[in-house]
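**Student:** I am sharing structure09.cif, which consists of mmCIF, C-alpha atoms and all ligand atoms:
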```
data_final
#
loop_
_atom_site.label_atom_id
_atom_site.label_comp_id
_atom_site.auth_asym_id
_atom_site.auth_seq_id
_atom_site.Cartn_x
_atom_site.Cartn_y
_atom_site.Cartn_z
CA MET B 103 66.20 -62.77 -21.54
CA LEU B 104 67.78 -66.20 -21.68
CA GLU B 105 69.34 -65.62 -18.30
CA GLN B 106 66.02 -64.50 -16.92
CA LEU B 107 64.48 -67.74 -18.17
CA ASP B 108 67.22 -69.80 -16.63
CA GLN B 109 66.77 -67.99 -13.33
CA LEU B 110 63.03 -68.55 -13.45
CA LYS B 111 63.52 -72.26 -14.07
CA GLU B 112 65.95 -72.66 -11.18
CA THR B 113 63.71 -70.77 -8.73
CA ALA B 114 60.61 -72.64 -9.86
CA LEU B 115 62.24 -76.04 -9.55
CA SER B 116 63.75 -75.38 -6.15
CA GLU B 117 60.42 -74.06 -4.85
CA LEU B 118 58.73 -77.12 -6.27
CA ARG B 119 61.00 -79.49 -4.36
CA GLU B 120 59.96 -77.89 -1.08
CA LEU B 121 56.23 -78.39 -1.59
CA SER B 122 54.44 -80.88 0.62
CA SER B 123 50.77 -80.77 -0.30
CA MET B 124 48.55 -80.88 -3.36
CA GLU B 125 47.17 -77.44 -2.46
CA ALA B 126 50.67 -75.89 -2.44
CA LEU B 127 51.42 -77.68 -5.69
CA ASN B 128 48.37 -76.15 -7.28
CA ARG B 129 49.37 -72.66 -6.10
CA TRP B 130 52.80 -73.26 -7.63
CA ARG B 131 51.25 -74.30 -10.94
CA VAL B 132 49.13 -71.15 -11.06
CA ALA B 133 52.13 -68.95 -10.15
CA TYR B 134 54.31 -70.26 -12.98
CA LEU B 135 52.21 -71.93 -15.59
CA GLY B 136 48.81 -70.35 -15.03
CA ARG B 137 47.27 -67.81 -17.42
CA LYS B 138 48.93 -64.97 -15.46
CA GLY B 139 51.93 -67.05 -14.31
CA SER B 140 55.51 -65.82 -14.65
CA LEU B 141 56.49 -68.21 -17.43
CA THR B 142 53.35 -67.43 -19.38
CA ASN B 143 54.23 -63.73 -19.10
CA VAL B 144 57.68 -64.41 -20.50
CA LEU B 145 56.24 -66.40 -23.39
CA ARG B 146 53.80 -63.61 -24.09
CA SER B 147 56.54 -60.95 -24.12
CA ILE B 148 58.58 -62.77 -26.78
CA GLY B 149 56.59 -60.99 -29.45
CA GLN B 150 58.18 -57.71 -28.42
CA LEU B 151 61.75 -58.96 -28.95
CA PRO B 152 63.73 -58.10 -32.03
CA ALA B 153 62.96 -60.65 -34.73
CA GLU B 154 66.40 -62.31 -34.70
CA GLU B 155 66.24 -63.10 -30.96
CA ARG B 156 62.78 -64.61 -31.03
CA PRO B 157 63.53 -68.18 -32.25
CA LEU B 158 66.24 -68.81 -29.69
CA VAL B 159 64.36 -67.33 -26.76
CA GLY B 160 61.19 -69.01 -27.95
CA GLN B 161 62.84 -72.43 -28.06
CA GLU B 162 64.38 -71.96 -24.65
CA ALA B 163 61.14 -70.74 -23.17
CA ASN B 164 59.37 -73.84 -24.49
CA ARG B 165 62.05 -76.09 -23.07
CA VAL B 166 61.64 -74.42 -19.68
CA LYS B 167 57.89 -74.83 -19.93
CA LEU B 168 58.24 -78.53 -20.72
CA ALA B 169 60.74 -78.97 -17.89
CA LEU B 170 58.40 -77.30 -15.42
CA GLU B 171 55.42 -79.31 -16.58
CA GLU B 172 57.37 -82.53 -16.34
CA ALA B 173 58.63 -81.66 -12.86
CA LEU B 174 55.06 -80.77 -11.86
CA ASP B 175 53.72 -84.13 -13.01
CA GLU B 176 56.45 -85.97 -11.22
CA MET B 177 55.88 -84.03 -8.01
CA ALA B 178 52.12 -84.55 -8.25
CA GLY B 179 52.69 -88.29 -8.58
CA ALA B 180 55.05 -88.32 -5.62
CA LEU B 181 52.62 -86.35 -3.43
CA LYS B 182 49.76 -88.69 -4.35
CA ARG B 183 51.79 -91.72 -3.41
CA GLU B 184 52.80 -90.07 -0.14
CA GLU B 185 49.17 -89.23 0.55
CA SER B 186 47.96 -92.78 -0.02
CA VAL B 187 50.74 -94.22 2.12
CA ARG B 188 49.73 -91.80 4.88
CA LEU B 189 46.05 -92.75 4.54
CA LEU B 190 46.85 -96.45 4.62
CA GLU B 191 48.84 -95.90 7.75
CA GLU B 192 46.18 -93.73 9.42
CA GLU B 193 43.22 -95.92 8.51
CA ARG B 194 44.99 -99.12 9.22
CA LEU B 195 42.77 -102.09 10.06
CA ASP B 196 44.23 -105.01 11.88
CA VAL B 197 42.69 -107.81 9.88
CA THR B 198 44.67 -110.40 11.78
CA LEU B 199 42.38 -110.19 14.86
CA PRO B 200 40.41 -113.43 15.11
CA GLY B 201 36.63 -112.92 14.58
CA ARG B 202 34.13 -113.47 17.36
CA PRO B 203 32.69 -116.92 16.81
CA VAL B 204 28.92 -117.16 16.37
CA GLY B 205 27.80 -120.25 18.23
CA PRO B 206 24.97 -122.51 17.11
CA GLY B 207 21.53 -121.43 18.29
CA TRP B 208 19.05 -123.51 20.24
CA LEU B 209 15.31 -123.80 20.69
CA HIS B 210 13.53 -121.28 22.89
CA LEU B 211 12.28 -122.81 26.13
CA SER B 212 8.65 -122.29 25.06
CA THR B 213 9.33 -124.19 21.82
CA GLN B 214 11.02 -127.00 23.74
CA ILE B 215 8.02 -127.41 26.06
CA LEU B 216 5.60 -127.19 23.15
CA ARG B 217 7.43 -130.00 21.37
CA GLU B 218 7.34 -132.17 24.48
CA ILE B 219 3.59 -131.56 24.68
CA TYR B 220 3.12 -132.41 20.98
CA ALA B 221 5.02 -135.66 21.42
CA ILE B 222 2.82 -136.79 24.31
CA PHE B 223 -0.49 -135.92 22.66
CA THR B 224 0.38 -137.18 19.19
CA GLU B 225 1.19 -140.52 20.80
CA MET B 226 -2.43 -140.53 22.01
CA GLY B 227 -3.74 -139.87 18.50
CA PHE B 228 -4.13 -136.10 18.62
CA GLN B 229 -3.13 -133.99 15.63
CA VAL B 230 -1.42 -130.62 16.02
CA LEU B 231 -3.29 -127.75 14.33
CA GLU B 232 -2.20 -124.15 13.91
CA THR B 233 -4.90 -121.51 13.60
CA PRO B 234 -4.90 -117.70 13.14
CA GLU B 235 -3.89 -115.23 15.84
CA VAL B 236 -6.04 -112.48 14.34
CA GLU B 237 -9.63 -113.48 14.92
CA SER B 238 -13.18 -112.25 14.71
CA ASP B 239 -15.13 -111.27 17.81
CA ILE B 240 -17.65 -113.89 16.72
CA ASN B 241 -15.16 -116.78 16.84
CA ASN B 242 -13.23 -115.54 19.86
CA PHE B 243 -16.29 -114.79 21.98
CA GLN B 244 -19.78 -115.13 20.62
CA LEU B 245 -19.65 -118.73 19.37
CA LEU B 246 -18.05 -119.68 22.71
CA ASN B 247 -21.08 -118.47 24.64
CA ILE B 248 -19.58 -115.08 25.45
CA PRO B 249 -22.01 -112.55 23.92
CA PRO B 250 -21.29 -108.79 23.93
CA TYR B 251 -21.54 -107.38 27.47
CA HIS B 252 -21.01 -110.80 29.05
CA PRO B 253 -19.07 -110.21 32.30
CA ALA B 254 -16.41 -112.76 31.21
CA ARG B 255 -15.25 -110.22 28.62
CA ASP B 256 -13.61 -108.18 31.41
CA MET B 257 -11.23 -111.04 32.09
CA TRP B 258 -10.52 -111.49 28.39
CA SER B 259 -9.92 -107.95 27.20
CA THR B 260 -7.43 -107.82 24.35
CA PHE B 261 -5.90 -105.75 21.56
CA TYR B 262 -8.47 -104.64 19.03
CA THR B 263 -7.65 -103.79 15.43
CA THR B 264 -9.02 -100.71 13.72
CA ARG B 265 -11.43 -102.97 11.88
CA GLU B 266 -14.68 -103.42 13.78
CA GLY B 267 -14.99 -106.92 15.22
CA VAL B 268 -11.40 -108.00 14.48
CA LEU B 269 -9.06 -108.66 17.41
CA LEU B 270 -6.05 -110.62 18.63
CA ARG B 271 -7.35 -113.88 20.07
CA THR B 272 -7.41 -114.17 23.87
CA HIS B 273 -7.26 -117.98 23.80
CA THR B 274 -6.84 -120.68 21.17
CA SER B 275 -10.51 -121.72 21.52
CA PRO B 276 -11.62 -119.91 18.33
CA GLY B 277 -9.23 -122.28 16.54
CA GLN B 278 -11.19 -125.18 18.08
CA LEU B 279 -14.30 -123.89 16.39
CA ARG B 280 -12.44 -123.77 13.09
CA ALA B 281 -11.30 -127.37 13.70
CA MET B 282 -14.85 -128.50 14.49
CA ARG B 283 -16.25 -126.87 11.37
CA MET B 284 -13.46 -128.41 9.31
CA TYR B 285 -14.09 -131.98 10.54
CA CYS B 286 -17.79 -132.20 11.47
CA PRO B 287 -19.47 -134.64 11.51
CA GLU B 288 -16.30 -136.76 11.75
CA PRO B 289 -14.79 -137.34 15.18
CA VAL B 290 -11.75 -135.21 15.89
CA ARG B 291 -8.79 -135.23 18.27
CA ALA B 292 -6.56 -132.17 18.07
CA ILE B 293 -4.34 -129.95 20.12
CA LEU B 294 -3.96 -126.32 19.15
CA PRO B 295 -0.85 -124.46 20.21
CA GLY B 296 -0.27 -120.80 19.58
CA LYS B 297 0.18 -117.26 20.78
CA CYS B 298 -2.64 -115.52 22.60
CA TYR B 299 -3.00 -111.93 23.71
CA ARG B 300 -4.59 -110.18 26.63
CA TYR B 301 -4.90 -106.67 27.89
CA GLU B 302 -3.07 -107.34 31.14
CA ALA B 303 -0.99 -105.53 33.71
CA VAL B 304 2.28 -107.42 33.19
CA THR B 305 3.49 -109.07 36.39
CA ALA B 306 5.55 -112.08 37.45
CA ARG B 307 2.46 -114.22 36.77
CA ALA B 308 0.83 -112.52 33.77
CA GLU B 309 2.05 -111.47 30.32
CA PHE B 310 0.16 -109.67 27.56
CA MET B 311 1.31 -112.36 25.12
CA PHE B 312 1.69 -116.03 25.99
CA TYR B 313 1.24 -119.43 24.48
CA GLN B 314 -1.73 -121.64 25.02
CA VAL B 315 -2.25 -125.26 24.13
CA GLU B 316 -5.84 -126.35 23.86
CA GLY B 317 -7.00 -129.85 23.35
CA LEU B 318 -10.24 -131.10 21.89
CA ALA B 319 -11.71 -134.54 21.40
CA ILE B 320 -15.15 -135.02 19.87
CA GLY B 321 -16.92 -138.26 19.12
CA ARG B 322 -20.00 -140.33 19.83
CA HIS B 323 -19.00 -141.64 23.22
CA VAL B 324 -16.46 -139.21 24.61
CA THR B 325 -16.85 -138.81 28.38
CA MET B 326 -15.36 -136.93 31.28
CA GLY B 327 -13.60 -140.21 32.10
CA ASP B 328 -11.70 -139.89 28.81
CA LEU B 329 -10.66 -136.38 29.78
CA LYS B 330 -9.38 -137.63 33.12
CA GLY B 331 -7.47 -140.49 31.55
CA VAL B 332 -5.93 -138.41 28.77
CA PHE B 333 -4.91 -135.62 31.07
CA THR B 334 -3.53 -137.85 33.82
CA ASN B 335 -1.42 -139.67 31.24
CA PHE B 336 -0.18 -136.34 29.94
CA ALA B 337 0.83 -135.09 33.42
CA ARG B 338 2.64 -138.34 34.21
CA LYS B 339 4.51 -138.38 30.89
CA LEU B 340 5.64 -134.81 31.37
CA PHE B 341 6.25 -134.65 35.12
CA GLY B 342 6.87 -138.22 36.20
CA ALA B 343 5.00 -141.52 36.51
CA ASP B 344 4.01 -141.07 40.17
CA ARG B 345 2.18 -137.75 39.67
CA ARG B 346 -1.30 -137.45 41.13
CA VAL B 347 -3.97 -135.38 39.38
CA ARG B 348 -7.26 -134.02 40.70
CA PHE B 349 -10.25 -132.36 39.05
CA ARG B 350 -11.92 -129.50 40.87
CA CYS B 351 -15.30 -127.94 39.95
CA SER B 352 -15.03 -124.70 38.04
CA TYR B 353 -16.79 -122.60 35.45
CA PHE B 354 -16.13 -121.64 31.84
CA PRO B 355 -18.84 -120.30 29.52
CA PHE B 356 -17.87 -122.83 26.81
CA THR B 357 -17.82 -126.05 28.88
CA GLU B 358 -20.40 -127.80 31.04
CA PRO B 359 -19.43 -129.21 33.44
CA SER B 360 -16.11 -127.40 33.87
CA ALA B 361 -13.09 -128.22 35.97
CA GLU B 362 -9.66 -126.98 37.02
CA ILE B 363 -7.01 -129.65 36.83
CA ASP B 364 -4.47 -129.73 39.67
CA MET B 365 -1.33 -131.82 40.03
CA ASP B 366 0.46 -132.63 43.26
CA CYS B 367 3.22 -130.08 43.78
CA ILE B 368 6.50 -131.31 42.27
CA ILE B 369 8.50 -128.93 44.44
CA CYS B 370 7.42 -130.29 47.82
CA GLY B 371 5.83 -133.57 46.72
CA GLY B 372 2.50 -132.44 48.17
CA LYS B 373 3.71 -131.53 51.64
CA GLY B 374 3.10 -127.80 51.11
CA CYS B 375 5.48 -125.03 50.06
CA ARG B 376 5.58 -121.49 48.71
CA VAL B 377 4.99 -122.63 45.10
CA CYS B 378 1.75 -124.49 45.94
CA LYS B 379 0.79 -121.86 48.51
CA HIS B 380 0.91 -124.64 51.14
CA THR B 381 -1.94 -126.58 49.56
CA GLY B 382 0.19 -129.40 48.10
CA TRP B 383 -1.52 -128.87 44.70
CA VAL B 384 -0.76 -126.69 41.67
CA GLU B 385 -3.21 -125.82 38.91
CA ILE B 386 -2.01 -126.87 35.47
CA SER B 387 -5.05 -126.58 33.21
CA GLY B 388 -8.68 -125.67 32.77
CA ALA B 389 -11.01 -128.20 31.16
CA GLY B 390 -14.53 -129.48 30.73
CA MET B 391 -17.08 -131.12 28.48
CA VAL B 392 -17.80 -128.98 25.43
CA HIS B 393 -21.02 -127.02 26.01
CA PRO B 394 -23.91 -128.30 23.81
CA GLN B 395 -24.38 -124.87 22.23
CA VAL B 396 -20.66 -124.70 21.37
CA LEU B 397 -20.87 -128.18 19.81
CA ARG B 398 -23.81 -126.94 17.76
CA ASN B 399 -21.86 -123.81 16.73
CA GLY B 400 -19.09 -126.11 15.54
CA GLY B 401 -21.50 -128.13 13.41
CA TYR B 402 -22.05 -131.17 15.66
CA ASP B 403 -25.41 -132.37 16.93
CA PRO B 404 -25.14 -132.38 20.74
CA GLU B 405 -27.73 -135.17 20.91
CA VAL B 406 -25.26 -137.44 19.09
CA TYR B 407 -21.81 -136.09 19.86
CA THR B 408 -19.97 -135.17 23.01
CA GLY B 409 -16.48 -133.84 23.52
CA PHE B 410 -13.98 -132.73 26.08
CA ALA B 411 -11.68 -129.73 25.87
CA PHE B 412 -8.86 -128.34 27.95
CA GLY B 413 -6.59 -125.34 27.83
CA MET B 414 -3.22 -124.82 29.47
CA GLY B 415 -0.37 -122.33 29.44
CA PRO B 416 2.91 -123.98 28.39
CA GLU B 417 4.91 -121.18 30.06
CA ARG B 418 3.20 -122.05 33.34
CA ILE B 419 4.08 -125.70 32.77
CA ALA B 420 7.70 -124.80 32.02
CA MET B 421 7.83 -122.59 35.12
CA LEU B 422 6.75 -125.48 37.28
CA LYS B 423 9.09 -127.90 35.60
CA HIS B 424 12.15 -125.64 35.83
CA ARG B 425 11.20 -123.64 38.94
CA ILE B 426 11.10 -120.33 37.08
CA GLU B 427 9.62 -117.61 39.23
CA ASP B 428 8.76 -114.89 36.73
CA ILE B 429 6.91 -115.34 33.41
CA ARG B 430 8.47 -112.12 32.06
CA TYR B 431 11.77 -113.94 31.53
CA PHE B 432 10.27 -115.87 28.62
CA PHE B 433 9.88 -113.02 26.16
CA SER B 434 12.31 -110.37 27.38
CA ASN B 435 15.14 -112.04 25.40
CA ASP B 436 17.78 -111.97 28.10
CA LEU B 437 20.34 -114.54 26.97
CA ARG B 438 21.44 -115.16 30.56
CA PHE B 439 18.00 -116.70 31.08
CA LEU B 440 17.55 -118.36 27.71
CA ARG B 441 21.03 -119.92 27.67
CA GLN B 442 20.17 -122.02 30.71
CA PHE B 443 17.91 -124.07 28.44
CA ALA B 444 20.35 -124.46 25.55
C1 LIG U 501 -7.85 -122.11 30.83
C2 LIG U 501 -9.06 -122.75 30.38
C3 LIG U 501 -10.04 -123.99 28.68
C4 LIG U 501 -11.32 -124.84 26.86
C5 LIG U 501 -10.26 -124.11 27.34
C6 LIG U 501 -12.66 -125.12 24.84
C7 LIG U 501 -12.75 -124.86 23.50
C8 LIG U 501 -13.91 -125.11 22.86
C9 LIG U 501 -14.98 -125.61 23.51
C10 LIG U 501 -14.85 -125.84 24.85
CL1 LIG U 501 -14.08 -124.79 21.20
N1 LIG U 501 -13.71 -125.61 25.49
N2 LIG U 501 -11.52 -124.87 25.48
C11 LIG U 501 -12.12 -125.49 27.74
C12 LIG U 501 -11.90 -125.39 29.09
C13 LIG U 501 -10.85 -124.65 29.58
O1 LIG U 501 -8.99 -123.25 29.09
O2 LIG U 501 -7.86 -121.49 31.85
N3 LIG U 501 -6.77 -122.26 30.13
C14 LIG U 501 -5.52 -121.67 30.47
#
```
Represent the supplied structure as structure tokens.
**Tutor:**
Amino acid sequence: MLEQLDQLKETALSELRELSSMEALNRWRVAYLGRKGSLTNVLRSIGQLPAEERPLVGQEANRVKLALEEALDEMAGALKREESVRLLEEERLDVTLPGRPVGPGWLHLSTQILREIYAIFTEMGFQVLETPEVESDINNFQLLNIPPYHPARDMWSTFYTTREGVLLRTHTSPGQLRAMRMYCPEPVRAILPGKCYRYEAVTARAEFMFYQVEGLAIGRHVTMGDLKGVFTNFARKLFGADRRVRFRCSYFPFTEPSAEIDMDCIICGGKGCRVCKHTGWVEISGAGMVHPQVLRNGGYDPEVYTGFAFGMGPERIAMLKHRIEDIRYFFSNDLRFLRQFA
């Protein structure tokens, strides 16, 4: 019996030394030390020995058991260490690679142009006002002389919300009404920048979202001459002191009289080119004297007050200034385009 135990111990230990995985180790443990393992069987059979042999065999069997358990623990530790070394090796990360530097950002071209525009108009005493992009049909159309079914609505179709009569503004003019109601009967000079939306087929010249900057000046003696002076100064500050500006008759439902404002083409200096379609002039804004009904809607008495208003697209202005041929570049977020204005 003692010999058998000794044999068992030797076999078990030499098998143990050959094991190379935790799974094999577990099988080994079951085979020797498990409930039906060989050593357990020996321990169980001790009861059948003659009484005088039991203590000695029992002691030896316990020693073997302890030896096997100790060897098992040691092997388990060794395998675990091996395993973690292998994992470290396999999942190695080279943390010595330098990171990719994140450069400083810069202002979007639209923001840059907007700020240039603010600087010029604030110098002339205009304040900059921001007003909501989500508007009521009443503010966006009706109070600007565009009743339901007015043909001008075709040109100014937009995105409608699921709430009846609530839409994304098609121009910043509803903000002008808010400004008028805020300040009436005081005189007011303000420009209103902001995003506008239109239901448009997107092309090189038209986007469904764009910025607009509208200007408004209301007072007791504001004339079309003031509009001409203010706007000519603006064009010269932005595009150069020798710019020429002309006012051409036009029509808007919310101004009377109305005009388109042209500037001599900065590309060809007025000689005629592709940009100005060989006319020598490019359109930079719409404008006019605020319609008496619109003044009234804003809270001003048209018998006492007059005002001028204009509206321009800063992207258009930036396109002229930087000779950009496609408005879609502005909001498609291609860094190759945007970086040129860093
Ligand atoms: C354009 C034309 C314009 C206005 C905007 C305006 C606002 C009020 C009253 C009267 Cl509350 N006018 N704004 C006036 C004339 C033209 O914009 O084609 N802009 C790109």
**Student:** Quick one: pull the distance between atom CA of B:Ala420 and atom CA of B:Ser212, Å, one decimal.
**Tutor:**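 So the answer is 7.5 Å.
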**Student:** Go ahead and compute the interatomic distance for atom CA of B:Met103 and atom CA of B:Ser116, in Å to one decimal.
**Tutor:**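 For atom CA of B:Met103 relative to atom CA of B:Ser116, the distance reads 20.0 Å.
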**Student:** In Å, with one decimal, what is the gap from atom CA of B:Asp175 to atom CA of B:Gln109?
**Tutor:**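 Answer for the atom CA of B:Asp175 to atom CA of B:Gln109 separation: 20.8 Å.
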**Student:** Between B:Phe341, B:Tyr134, B:Tyr220, B:Phe356, which residue has the minimum interatomic distance to ligand LIG 501 (chain U), considering all atoms listed in the file?
**Tutor:**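 Closest to ligand LIG 501 (chain U), using all atoms listed in the file: B:Phe356.
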**Student:** Any chance you could tabulate, as a tab-separated table, the residues of chain B at most 7 Å from ligand LIG 501 (chain U) with each one's nearest atom pair and distance in Å to one decimal, using all atoms listed in the file, in chain and rising number order?
**Tutor:**
```
residue	atom	partner	partner_atom	distance
B:Leu246	CA	U:LIG501	CL1	6.6
B:Ser275	CA	U:LIG501	C7	4.3
B:Pro276	CA	U:LIG501	CL1	6.2
B:Gln278	CA	U:LIG501	CL1	4.3
B:Leu279	CA	U:LIG501	CL1	4.9
B:Gln314	CA	U:LIG501	C14	6.6
B:Glu316	CA	U:LIG501	C5	6.1
B:Leu318	CA	U:LIG501	C7	6.9
B:Phe354	CA	U:LIG501	C12	6.3
B:Phe356	CA	U:LIG501	C10	4.7
B:Thr357	CA	U:LIG501	C10	5.0
B:Ser360	CA	U:LIG501	C12	6.7
B:Ser387	CA	U:LIG501	N3	5.6
B:Gly388	CA	U:LIG501	C2	3.8
B:Ala389	CA	U:LIG501	C12	3.6
B:Gly390	CA	U:LIG501	C12	5.1
B:Met391	CA	U:LIG501	C10	6.8
B:Val392	CA	U:LIG501	C10	4.3
B:His393	CA	U:LIG501	C10	6.4
B:Val396	CA	U:LIG501	C9	6.1
B:Ala411	CA	U:LIG501	N1	4.6
B:Phe412	CA	U:LIG501	C11	4.3
B:Gly413	CA	U:LIG501	O1	3.4
B:Met414	CA	U:LIG501	C14	4.0
B:Gly415	CA	U:LIG501	C14	5.3
```
**Student:** Would you kindly return, as a PyMOL selection string, each protein, DNA or RNA residue with an atom no farther than 8 Å from any atom of B:Thr272, considering only C-alpha atoms and excluding same-chain residues fewer than 2 positions away?
**Tutor:** chain B and resi 242+258-260+270+274+298-300
**Student:** Could you check which of B:Val347, B:Leu158, B:Leu422, B:Leu294 is closest to B:Tyr313, using only C-alpha atoms?
**Tutor:**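 Smallest separation from B:Tyr313 among the options: B:Leu294.
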**Student:** Smallest atom-to-atom distance to B:Ile222: which of B:Ile363, B:Ala169, B:Leu340, B:Ile386, using all atoms listed in the file?
**Tutor:**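 That would be B:Leu340, the residue with the smallest distance to B:Ile222.
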**Student:** Closest to B:Arg255 among B:Glu358, B:Glu176, B:Asp239, B:Glu232, using only C-alpha atoms?
**Tutor:**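 When distances to B:Arg255 are compared using only C-alpha atoms, the smallest one comes from B:Asp239.
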**Student:** Return the single residue from B:Phe223, B:Ser123, B:Leu199, B:Arg146 that is closest to B:Asn335, with distances computed using all atoms listed in the file.
**Tutor:**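 Checking each candidate against B:Asn335, we get B:Phe223 as the closest.
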**Student:** Write out as number ranges by chain the residues lying within 9 Å of stretch 265-269 of chain B, counting all atoms listed in the file and excluding same-chain residues fewer than 6 positions away.
**Tutor:** B: 235-240, 242
**Student:** Taking every listed atom of stretch 430-436 of chain B and adding 5 Å to each side, what centre and edge lengths in Å (one decimal) does the axis-aligned box have, as lines of an AutoDock Vina configuration file?
**Tutor:**
```
center_x = 13.1
center_y = -113.1
center_z = 28.7
size_x = 19.3
size_y = 15.5
size_z = 16.7
```
**Student:** Nearest residue to B:Phe310 out of B:Glu427, B:Pro355, B:Gly382, B:Phe433, using all atoms listed in the file?
**Tutor:** B:Phe433
**Student:** If you count all atoms listed in the file, which residues fall within 9 Å of B:Thr334, apart from same-chain ones fewer than 5 positions away, as a PyMOL selection string?
**Tutor:** chain B and resi 329+339+345-348+365
**Student:** Got a sec: who's within 12 Å of B:Arg119, counting all atoms listed in the file, leaving out chain neighbours fewer than 2 positions off, as a list in words?
**Tutor:** Glu112, Thr113, Ala114, Leu115, Ser116, Glu117, Leu121, Ser122, Ser123, Ala126, Leu127, Trp130, Leu170, Ala173, Leu174, Glu176, Met177, Ala178, Ala180 and Leu181 of chain B
**Student:** Quick one: write out the picked residues with C-alpha atoms as an mmCIF file, in the frame of the given file?
**Tutor:**
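Saved file out_0.cif follows:
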```
data_model
loop_
_atom_site.group_PDB
_atom_site.id
_atom_site.type_symbol
_atom_site.label_atom_id
_atom_site.label_comp_id
_atom_site.auth_asym_id
_atom_site.auth_seq_id
_atom_site.Cartn_x
_atom_site.Cartn_y
_atom_site.Cartn_z
ATOM 1 C CA GLU B 112 65.950 -72.660 -11.180
ATOM 2 C CA THR B 113 63.710 -70.770 -8.730
ATOM 3 C CA ALA B 114 60.610 -72.640 -9.860
ATOM 4 C CA LEU B 115 62.240 -76.040 -9.550
ATOM 5 C CA SER B 116 63.750 -75.380 -6.150
ATOM 6 C CA GLU B 117 60.420 -74.060 -4.850
ATOM 7 C CA LEU B 121 56.230 -78.390 -1.590
ATOM 8 C CA SER B 122 54.440 -80.880 0.620
ATOM 9 C CA SER B 123 50.770 -80.770 -0.300
ATOM 10 C CA ALA B 126 50.670 -75.890 -2.440
ATOM 11 C CA LEU B 127 51.420 -77.680 -5.690
ATOM 12 C CA TRP B 130 52.800 -73.260 -7.630
ATOM 13 C CA LEU B 170 58.400 -77.300 -15.420
ATOM 14 C CA ALA B 173 58.630 -81.660 -12.860
ATOM 15 C CA LEU B 174 55.060 -80.770 -11.860
ATOM 16 C CA GLU B 176 56.450 -85.970 -11.220
ATOM 17 C CA MET B 177 55.880 -84.030 -8.010
ATOM 18 C CA ALA B 178 52.120 -84.550 -8.250
ATOM 19 C CA ALA B 180 55.050 -88.320 -5.620
ATOM 20 C CA LEU B 181 52.620 -86.350 -3.430
#
```
**Student:** Would you mind listing what lies within 12 Å of stretch 161-163 of chain B as an MDAnalysis selection string, with only C-alpha atoms counted and same-chain residues fewer than 2 positions away left out?
**Tutor:** chainID B and resid 103:111 135 140:148 155:159 165:170
**Student:** Kindly provide, as a PyMOL selection string, the polymer residues lying within 6 Å of (-14.2, -135.9, 24.1), counting all atoms listed in the file and using the coordinates exactly as they appear in the file.
**Tutor:** chain B and resi 319-320+324-325+408-410
**Student:** Just to be explicit: take each residue in the selection above, keep C-alpha atoms, and write the result as a PDB file, in the frame of the given file.
**Tutor:**
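Once everything was written out, this is again_32.pdb:
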```pdb
ATOM      1  CA  ALA B 319     -11.710-134.540  21.400  1.00  0.00           C
ATOM      2  CA  ILE B 320     -15.150-135.020  19.870  1.00  0.00           C
ATOM      3  CA  VAL B 324     -16.460-139.210  24.610  1.00  0.00           C
ATOM      4  CA  THR B 325     -16.850-138.810  28.380  1.00  0.00           C
ATOM      5  CA  THR B 408     -19.970-135.170  23.010  1.00  0.00           C
ATOM      6  CA  GLY B 409     -16.480-133.840  23.520  1.00  0.00           C
ATOM      7  CA  PHE B 410     -13.980-132.730  26.080  1.00  0.00           C
TER       8      PHE B 410
END
```
